[in-house]
file target.txt (compact mmCIF, C-alpha atoms)
# COMPACT_ATOMS: atom_id res chain seq x y z
CA MET A 1 93.10 119.13 65.13
CA ALA A 2 96.46 117.51 64.70
CA ARG A 3 98.75 117.09 67.67
CA LYS A 4 100.96 120.08 68.35
CA THR A 5 102.72 119.31 71.61
CA GLN A 6 105.18 116.72 72.79
CA GLN A 7 105.96 115.58 76.32
CA VAL A 8 109.73 116.01 76.19
CA GLU A 9 110.70 116.40 79.84
CA THR A 10 108.30 113.67 81.00
CA ARG A 11 109.92 111.27 78.56
CA LEU A 12 113.43 112.39 79.53
CA VAL A 13 112.85 111.74 83.23
CA ALA A 14 110.99 108.44 82.72
CA GLU A 15 113.83 107.18 80.54
CA TYR A 16 116.55 108.42 82.91
CA VAL A 17 114.90 106.67 85.87
CA LYS A 18 114.54 103.43 83.93
CA VAL A 19 118.14 103.46 82.70
CA ASN A 20 119.70 104.34 86.06
CA TYR A 21 117.39 103.13 88.82
CA SER A 22 115.33 100.28 87.36
CA GLN A 23 115.94 98.08 90.42
CA PHE A 24 114.32 100.55 92.82
CA PRO A 25 110.71 101.66 93.27
CA ALA A 26 110.12 104.99 91.58
CA ILE A 27 107.25 107.47 91.50
CA THR A 28 106.68 110.02 88.76
CA ASN A 29 104.72 113.30 89.02
CA GLN A 30 104.31 113.08 92.78
CA PRO A 31 102.44 115.98 94.44
CA LEU A 32 104.24 117.28 97.53
CA GLY A 33 103.27 119.04 100.74
CA VAL A 34 100.69 118.96 103.46
CA VAL A 35 97.02 118.23 103.10
CA SER A 36 94.96 119.90 105.81
CA ALA A 37 94.07 117.46 108.59
CA GLU A 38 90.83 119.36 109.22
CA LEU A 39 89.88 119.05 105.58
CA MET A 40 90.64 115.33 105.58
CA ALA A 41 88.49 114.85 108.69
CA GLU A 42 85.68 116.86 107.16
CA ILE A 43 85.45 115.53 103.60
CA GLY A 44 87.67 112.45 103.56
CA TYR A 45 91.19 111.70 102.40
CA SER A 46 90.53 111.42 98.67
CA LYS A 47 88.53 114.65 98.33
CA ALA A 48 90.96 116.53 100.58
CA ILE A 49 93.87 115.45 98.36
CA SER A 50 91.90 116.57 95.31
CA MET A 51 91.03 119.98 96.76
CA SER A 52 94.63 120.57 97.84
CA ARG A 53 95.95 120.01 94.33
CA PRO A 54 96.44 123.68 93.35
CA ASN A 55 98.64 124.24 96.41
CA ARG A 56 100.82 121.18 95.96
CA PRO A 57 103.76 121.34 93.55
CA GLU A 58 104.73 118.15 91.73
CA VAL A 59 108.21 116.74 91.56
CA ASP A 60 109.09 114.95 88.32
CA ALA A 61 110.25 111.76 90.01
CA ILE A 62 111.15 110.22 93.34
CA VAL A 63 113.29 107.10 93.55
CA LEU A 64 112.97 105.16 96.79
CA LEU A 65 116.57 104.24 97.52
CA PRO A 66 117.14 102.09 100.62
CA ARG A 67 118.16 105.06 102.79
CA TYR A 68 117.14 108.04 100.69
CA PHE A 69 114.37 109.75 98.82
CA LEU A 70 116.08 110.71 95.59
CA ILE A 71 114.08 113.57 94.10
CA ILE A 72 114.63 114.28 90.42
CA GLU A 73 113.76 117.22 88.21
CA GLY A 74 114.38 116.95 84.49
CA LYS A 75 114.79 120.05 82.37
CA VAL A 76 115.46 120.60 78.70
CA TRP A 77 114.63 124.30 78.68
CA HIS A 78 114.60 126.74 81.64
CA ILE A 79 117.19 124.59 83.36
CA VAL A 80 117.81 127.01 86.24
CA ASP A 81 114.10 126.84 87.12
CA GLY A 82 114.41 123.09 87.61
CA MET A 83 117.46 123.47 89.80
CA ALA A 84 115.84 126.20 91.90
CA LYS A 85 112.77 124.07 92.63
CA LEU A 86 114.63 121.11 94.09
CA PRO A 87 115.61 122.49 97.55
CA PHE A 88 112.06 123.75 98.04
CA TYR A 89 110.61 120.40 97.02
CA ALA A 90 112.99 118.66 99.42
CA SER A 91 111.54 120.69 102.29
CA LEU A 92 108.06 119.31 101.53
CA ILE A 93 109.02 115.63 101.47
CA PRO A 94 108.73 115.07 105.28
CA VAL A 95 105.16 116.42 105.35
CA THR A 96 103.80 114.69 102.24
CA PRO A 97 101.12 112.20 103.33
CA GLU A 98 101.58 109.89 100.32
CA LEU A 99 105.24 109.35 101.31
CA LYS A 100 104.60 108.74 105.00
CA GLU A 101 104.86 104.96 104.65
CA TYR A 102 108.39 105.28 103.23
CA GLN A 103 109.75 107.44 106.06
CA PRO A 104 112.26 107.85 107.58
CA ARG A 105 114.62 108.56 104.69
CA GLU A 106 116.96 111.44 103.99
CA VAL A 107 116.45 113.49 100.86
CA ILE A 108 118.98 113.81 98.07
CA MET A 109 118.48 115.75 94.84
CA GLU A 110 119.32 115.27 91.18
CA LEU A 111 118.87 117.65 88.28
CA VAL A 112 118.76 115.84 84.93
CA VAL A 113 119.69 117.88 81.88
CA PRO A 114 120.81 117.13 78.33
CA TRP A 115 123.65 119.63 78.57
CA THR A 116 125.38 121.69 81.21
CA ASN A 117 127.53 124.77 81.74
CA PRO A 118 130.09 125.84 84.36
CA ASN A 119 127.72 128.21 86.17
CA LEU A 120 125.05 125.56 86.49
CA GLU A 121 127.64 123.20 87.94
CA ILE A 122 128.70 125.80 90.51
CA MET A 123 125.11 126.51 91.58
CA CYS A 124 124.24 122.82 91.88
CA ARG A 125 127.39 122.08 93.88
CA GLU A 126 126.62 124.96 96.23
CA HIS A 127 123.11 123.61 96.93
CA ASN A 128 124.02 119.91 97.21
CA ILE A 129 122.26 119.04 93.97
CA GLN A 130 123.76 116.28 91.86
CA LEU A 131 123.90 117.39 88.25
CA ARG A 132 123.34 114.54 85.81
CA VAL A 133 123.80 114.97 82.08
CA TYR A 134 121.54 112.59 80.18
CA LYS A 135 121.36 113.08 76.45
CA PRO A 136 119.42 110.41 74.56
CA ASP A 137 119.66 110.45 70.76
CA TRP A 138 116.13 111.78 70.27
CA ILE A 139 116.77 114.93 72.30
CA SER A 140 118.86 116.52 69.54
CA ASP A 141 115.94 116.25 67.10
CA VAL A 142 113.65 117.95 69.59
CA VAL A 143 116.09 120.76 70.25
CA ASN A 144 116.71 121.29 66.55
CA ARG A 145 112.98 121.48 65.90
CA VAL A 146 112.57 124.13 68.59
CA THR A 147 115.53 126.10 67.28
CA GLU A 148 114.14 125.99 63.75
CA TYR A 149 110.61 126.76 64.90
CA SER A 150 111.04 130.48 64.63
CA THR A 151 112.08 130.30 60.97
CA ARG A 152 109.47 130.98 58.29
CA GLU A 153 110.47 127.90 56.26
CA TYR A 154 110.00 125.57 59.18
CA ARG A 155 106.62 127.03 60.17
CA LEU A 156 105.28 126.73 56.64
CA ALA A 157 106.49 123.16 56.28
CA ARG A 158 104.99 122.23 59.64
CA GLU A 159 101.64 123.80 58.86
CA GLU A 160 101.50 121.82 55.64
CA LYS A 161 102.41 118.62 57.46
CA LEU A 162 99.63 119.17 60.03
CA ARG A 163 97.13 119.88 57.24
CA ASN A 164 98.12 116.69 55.46
CA ARG A 165 97.83 114.66 58.64
CA GLU A 166 94.27 115.85 59.08
CA LEU A 167 93.38 115.27 55.43
CA LEU A 168 94.74 111.75 55.61
CA GLY A 169 93.11 111.09 58.98
CA LEU A 170 96.42 110.25 60.62
CA GLU A 171 95.78 112.21 63.81
CA MET B 1 88.93 86.53 89.21
CA VAL B 2 87.62 90.08 88.85
CA LEU B 3 84.90 90.35 86.18
CA GLN B 4 85.98 93.62 84.67
CA ASN B 5 87.05 94.18 81.09
CA HIS B 6 88.39 97.69 81.39
CA VAL B 7 90.29 99.29 84.24
CA ILE B 8 88.56 102.59 84.97
CA LEU B 9 90.80 104.94 86.89
CA GLN B 10 89.03 106.90 89.63
CA ASP B 11 90.20 110.31 90.78
CA ASN B 12 92.79 110.09 93.57
CA GLN B 13 92.31 106.34 93.96
CA PRO B 14 95.51 104.44 93.27
CA ALA B 15 95.11 101.39 91.01
CA ARG B 16 97.83 98.78 91.44
CA MET B 17 98.31 96.70 88.31
CA HIS B 18 100.58 94.24 86.60
CA PHE B 19 100.82 94.41 82.83
CA THR B 20 101.55 91.42 80.62
CA ASP B 21 101.52 92.99 77.17
CA HIS B 22 100.62 96.14 75.28
CA HIS B 23 99.70 97.38 71.85
CA ILE B 24 98.95 100.70 70.19
CA GLU B 25 95.70 100.94 68.30
CA ALA B 26 93.90 103.61 66.34
CA ARG B 27 90.47 104.49 67.69
CA THR B 28 87.82 106.71 66.19
CA ILE B 29 86.45 109.13 68.76
CA THR B 30 84.19 112.15 68.67
CA ASP B 31 86.32 115.19 69.34
CA PRO B 32 84.66 116.93 72.33
CA ASN B 33 85.49 120.37 70.92
CA THR B 34 84.53 119.99 67.27
CA LEU B 35 82.04 117.10 67.71
CA GLN B 36 83.64 115.63 64.59
CA PRO B 37 84.98 112.09 64.38
CA ALA B 38 88.74 111.90 64.81
CA ILE B 39 91.28 109.10 64.88
CA ARG B 40 93.45 108.89 67.98
CA ARG B 41 96.32 106.55 68.81
CA THR B 42 95.66 104.68 72.04
CA LEU B 43 98.09 102.81 74.27
CA VAL B 44 96.47 99.64 75.56
CA PHE B 45 97.90 97.43 78.30
CA ASN B 46 96.73 93.92 79.16
CA VAL B 47 96.30 93.70 82.92
CA ASP B 48 96.48 90.34 84.70
CA ARG B 49 96.32 91.64 88.27
CA LEU B 50 94.40 94.58 89.68
CA ASN B 51 94.86 95.63 93.31
CA GLY B 52 96.25 92.20 94.14
CA ILE B 53 93.41 90.26 92.54
CA PRO B 54 93.84 88.20 89.33
CA THR B 55 91.93 89.71 86.43
CA GLN B 56 91.81 89.84 82.64
CA ALA B 57 91.30 93.44 81.71
CA VAL B 58 92.81 96.27 79.72
CA LEU B 59 93.97 99.74 80.66
CA SER B 60 93.90 102.18 77.79
CA THR B 61 94.94 105.81 77.45
CA MET B 62 95.08 108.43 74.74
CA ALA B 63 96.90 110.87 77.02
CA GLU B 64 100.42 111.57 75.90
CA ASN B 65 101.41 112.64 79.40
CA LEU B 66 100.57 109.20 80.80
CA ALA B 67 101.88 107.31 77.77
CA SER B 68 105.19 109.20 78.01
CA GLN B 69 105.72 107.88 81.51
CA PHE B 70 105.49 104.34 80.14
CA ALA B 71 107.40 105.04 76.92
CA PRO B 72 110.83 103.73 78.04
CA TYR B 73 109.27 100.45 79.16
CA LEU B 74 107.38 99.68 75.95
CA GLU B 75 110.05 98.63 73.47
CA ASP B 76 111.49 95.84 75.63
CA LYS B 77 108.19 95.26 77.47
CA SER B 78 110.10 95.63 80.72
CA TYR B 79 106.90 96.77 82.45
CA VAL B 80 106.31 93.04 83.07
CA ASN B 81 109.05 93.31 85.71
CA TYR B 82 107.09 95.88 87.72
CA GLU B 83 103.87 96.40 89.53
CA VAL B 84 102.55 99.78 88.55
CA ILE B 85 100.40 102.05 90.68
CA VAL B 86 98.58 104.74 88.71
CA THR B 87 96.79 107.58 90.46
CA GLN B 88 94.73 109.94 88.33
CA ARG B 89 94.02 113.51 89.33
CA GLY B 90 92.06 116.35 87.79
CA VAL B 91 89.78 116.61 84.76
CA GLY B 92 90.10 117.38 81.06
CA TYR B 93 93.31 118.95 79.85
CA THR B 94 94.54 119.51 83.41
CA ARG B 95 94.35 115.80 84.25
CA LYS B 96 97.60 114.31 85.49
CA TRP B 97 98.84 110.94 86.62
CA THR B 98 101.24 109.84 89.32
CA VAL B 99 102.84 106.56 88.31
CA GLN B 100 104.77 104.36 90.70
CA PHE B 101 106.95 101.54 89.38
CA ILE B 102 107.67 98.83 91.92
CA PRO B 103 110.13 96.12 90.88
CA PHE B 104 108.06 92.97 90.65
CA SER B 105 109.02 89.72 92.36
CA LYS B 106 107.07 86.65 91.22
call {"tool": "encode", "arguments": {"input": "target.txt", "output": "structure tokens"}}
result
Amino acid sequence: MARKTQQVETRLVAEYVKVNYSQFPAITNQPLGVVSAELMAEIGYSKAISMSRPNRPEVDAIVLLPRYFLIIEGKVWHIVDGMAKLPFYASLIPVTPELKEYQPREVIMELVVPWTNPNLEIMCREHNIQLRVYKPDWISDVVNRVTEYSTREYRLAREEKLRNRELLGLE
Amino acid sequence: MVLQNHVILQDNQPARMHFTDHHIEARTITDPNTLQPAIRRTLVFNVDRLNGIPTQAVLSTMAENLASQFAPYLEDKSYVNYEVIVTQRGVGYTRKWTVQFIPFSK
């Protein structure tokens, strides 16, 4: 079956980190939160981390600044969800075993979005979240595709394209 | 020198690597759902150091989630300026990767 999804927010965050923080160590998709000490003692560190996975949210990126953990969420859609997660993620940083070696550092937060609005800016300011607008050229194409997706013409054209890809063995 | 041609990522075990080059190749696989042959694009990195030990190996992935994390570093091959730690978690479609980029000093 031809490919139907695209990692938009992963690409947005990876690119943003590279463009703005390339001189610092950075971690993407880092799970956060405690891993039970009893579990680790019982079945070992690796298995305990694995079993804890469903209970550990993942932050899009962490940049290890000299004095700070900079935690980053990137959102193209459902932007408020991304903003809302950040303060909760920040509370888990001090207890995350994978980050222990980088402590002590304070936590600062950034929300990366391709566009903004006044209400978002107010909410971010109120919760000490830096709002960063990052709009690479390719993001407009993605947004246009999603906007057009609900139209009959676009769906038909896309279905034909996917069929042709399979027929030609391109995917 | 580590005698290993392919870097095999183990669940929850970080692999620290340095990449020297990359290419994208088409591979024919058997689709696990349809059991039919299918062509997939694969991102392949040449690895010259694995967990601090010199090696000549490749790391390859068909996963768009992992490839997307490397995407900004491909065009200018700026991954050569970093040591990269990849930690794989989960199985099948729920598999995810934590990737750490550490600026590399020769």
call {"tool": "residues_near_point", "arguments": {"input": "target.txt", "point": "(94.8, 93.3, 82.2)", "cutoff": "10 Å", "atoms": "all atoms listed in the file", "output": "PDB file with C-alpha atoms, keeping the file's coordinate frame"}}
result
ATOM      1  CA  GLN B   4      85.980  93.620  84.670  1.00  0.00           C
ATOM      2  CA  ASN B   5      87.050  94.180  81.090  1.00  0.00           C
ATOM      3  CA  HIS B   6      88.390  97.690  81.390  1.00  0.00           C
ATOM      4  CA  VAL B   7      90.290  99.290  84.240  1.00  0.00           C
ATOM      5  CA  MET B  17      98.310  96.700  88.310  1.00  0.00           C
ATOM      6  CA  HIS B  18     100.580  94.240  86.600  1.00  0.00           C
ATOM      7  CA  PHE B  19     100.820  94.410  82.830  1.00  0.00           C
ATOM      8  CA  THR B  20     101.550  91.420  80.620  1.00  0.00           C
ATOM      9  CA  ASP B  21     101.520  92.990  77.170  1.00  0.00           C
ATOM     10  CA  HIS B  22     100.620  96.140  75.280  1.00  0.00           C
ATOM     11  CA  VAL B  44      96.470  99.640  75.560  1.00  0.00           C
ATOM     12  CA  PHE B  45      97.900  97.430  78.300  1.00  0.00           C
ATOM     13  CA  ASN B  46      96.730  93.920  79.160  1.00  0.00           C
ATOM     14  CA  VAL B  47      96.300  93.700  82.920  1.00  0.00           C
ATOM     15  CA  ASP B  48      96.480  90.340  84.700  1.00  0.00           C
ATOM     16  CA  ARG B  49      96.320  91.640  88.270  1.00  0.00           C
ATOM     17  CA  LEU B  50      94.400  94.580  89.680  1.00  0.00           C
ATOM     18  CA  PRO B  54      93.840  88.200  89.330  1.00  0.00           C
ATOM     19  CA  THR B  55      91.930  89.710  86.430  1.00  0.00           C
ATOM     20  CA  GLN B  56      91.810  89.840  82.640  1.00  0.00           C
ATOM     21  CA  ALA B  57      91.300  93.440  81.710  1.00  0.00           C
ATOM     22  CA  VAL B  58      92.810  96.270  79.720  1.00  0.00           C
ATOM     23  CA  LEU B  59      93.970  99.740  80.660  1.00  0.00           C
ATOM     24  CA  SER B  60      93.900 102.180  77.790  1.00  0.00           C
TER      25      SER B  60
END
call {"tool": "closest_residue", "arguments": {"input": "target.txt", "among": "B:Ser68, B:Thr30, B:Asn12, B:Thr61", "to": "B:Thr42", "atoms": "only C-alpha atoms"}}
result
B:Thr61
call {"tool": "residues_around", "arguments": {"input": "target.txt", "residues": "A:Arg145", "least_positions_apart": "5", "cutoff": "12 Å", "atoms": "all atoms listed in the file", "output": "CSV table (one decimal) with C-alpha atoms, keeping the file's coordinate frame"}}
result
chain,number,residue,atom,x,y,z
A,5,THR,CA,102.7,119.3,71.6
A,6,GLN,CA,105.2,116.7,72.8
A,138,TRP,CA,116.1,111.8,70.3
A,139,ILE,CA,116.8,114.9,72.3
A,140,SER,CA,118.9,116.5,69.5
A,150,SER,CA,111.0,130.5,64.6
A,151,THR,CA,112.1,130.3,61.0
A,153,GLU,CA,110.5,127.9,56.3
A,154,TYR,CA,110.0,125.6,59.2
A,155,ARG,CA,106.6,127.0,60.2
A,157,ALA,CA,106.5,123.2,56.3
A,158,ARG,CA,105.0,122.2,59.6
call {"tool": "residues_around", "arguments": {"input": "target.txt", "residues": "B:Asn65", "least_positions_apart": "3", "cutoff": "9 Å", "atoms": "all atoms listed in the file", "output": "PDB file with C-alpha atoms, in the frame of the given file"}}
result
ATOM      1  CA  GLN A   6     105.180 116.720  72.790  1.00  0.00           C
ATOM      2  CA  GLN A   7     105.960 115.580  76.320  1.00  0.00           C
ATOM      3  CA  THR A  10     108.300 113.670  81.000  1.00  0.00           C
ATOM      4  CA  ARG A  11     109.920 111.270  78.560  1.00  0.00           C
TER       5      ARG A  11
ATOM      6  CA  MET B  62      95.080 108.430  74.740  1.00  0.00           C
ATOM      7  CA  SER B  68     105.190 109.200  78.010  1.00  0.00           C
ATOM      8  CA  GLN B  69     105.720 107.880  81.510  1.00  0.00           C
ATOM      9  CA  LYS B  96      97.600 114.310  85.490  1.00  0.00           C
ATOM     10  CA  TRP B  97      98.840 110.940  86.620  1.00  0.00           C
TER      11      TRP B  97
END
call {"tool": "interface_residues", "arguments": {"input": "target.txt", "of": "chain B", "to": "chain A", "cutoff": "6 Å", "atoms": "all atoms listed in the file", "output": "ChimeraX atom specification"}}
result
/B:12,39-40,68-69,72,98-102
call {"tool": "atom_distance", "arguments": {"input": "target.txt", "atom1": "atom CA of A:Val107", "atom2": "atom CA of A:Ala90"}}
result
6.4 Å
call {"tool": "closest_residue", "arguments": {"input": "target.txt", "among": "A:Val112, A:Leu168, A:Leu32, A:Leu162", "to": "A:Lys100", "atoms": "all atoms listed in the file"}}
result
A:Leu32
call {"tool": "residues_near_point", "arguments": {"input": "target.txt", "point": "(123.5, 112.8, 84.6)", "cutoff": "7 Å", "atoms": "all atoms listed in the file", "output": "NGL selection string"}}
result
:A and (112-113 or 131-134)
call {"tool": "write_last_selection", "arguments": {"input": "target.txt", "atoms": "C-alpha atoms", "output": "PDB file, in the frame of the given file"}}
result
ATOM      1  CA  VAL A 112     118.760 115.840  84.930  1.00  0.00           C
ATOM      2  CA  VAL A 113     119.690 117.880  81.880  1.00  0.00           C
ATOM      3  CA  LEU A 131     123.900 117.390  88.250  1.00  0.00           C
ATOM      4  CA  ARG A 132     123.340 114.540  85.810  1.00  0.00           C
ATOM      5  CA  VAL A 133     123.800 114.970  82.080  1.00  0.00           C
ATOM      6  CA  TYR A 134     121.540 112.590  80.180  1.00  0.00           C
TER       7      TYR A 134
END
call {"tool": "atom_distance", "arguments": {"input": "target.txt", "atom1": "atom CA of A:Pro57", "atom2": "atom CA of A:Glu110"}}
result
16.9 Å
call {"tool": "atom_distance", "arguments": {"input": "target.txt", "atom1": "atom CA of A:Ser52", "atom2": "atom CA of A:Ser36"}}
result
8.0 Å
call {"tool": "closest_residue", "arguments": {"input": "target.txt", "among": "A:Ile43, A:Val80, A:Leu92, A:Ile71", "to": "A:Asn55", "atoms": "all atoms listed in the file"}}
result
A:Leu92
call {"tool": "residues_around", "arguments": {"input": "target.txt", "residues": "B:Ala67", "least_positions_apart": "4", "cutoff": "7 Å", "atoms": "all atoms listed in the file", "output": "ChimeraX atom specification"}}
result
/B:43,63,71
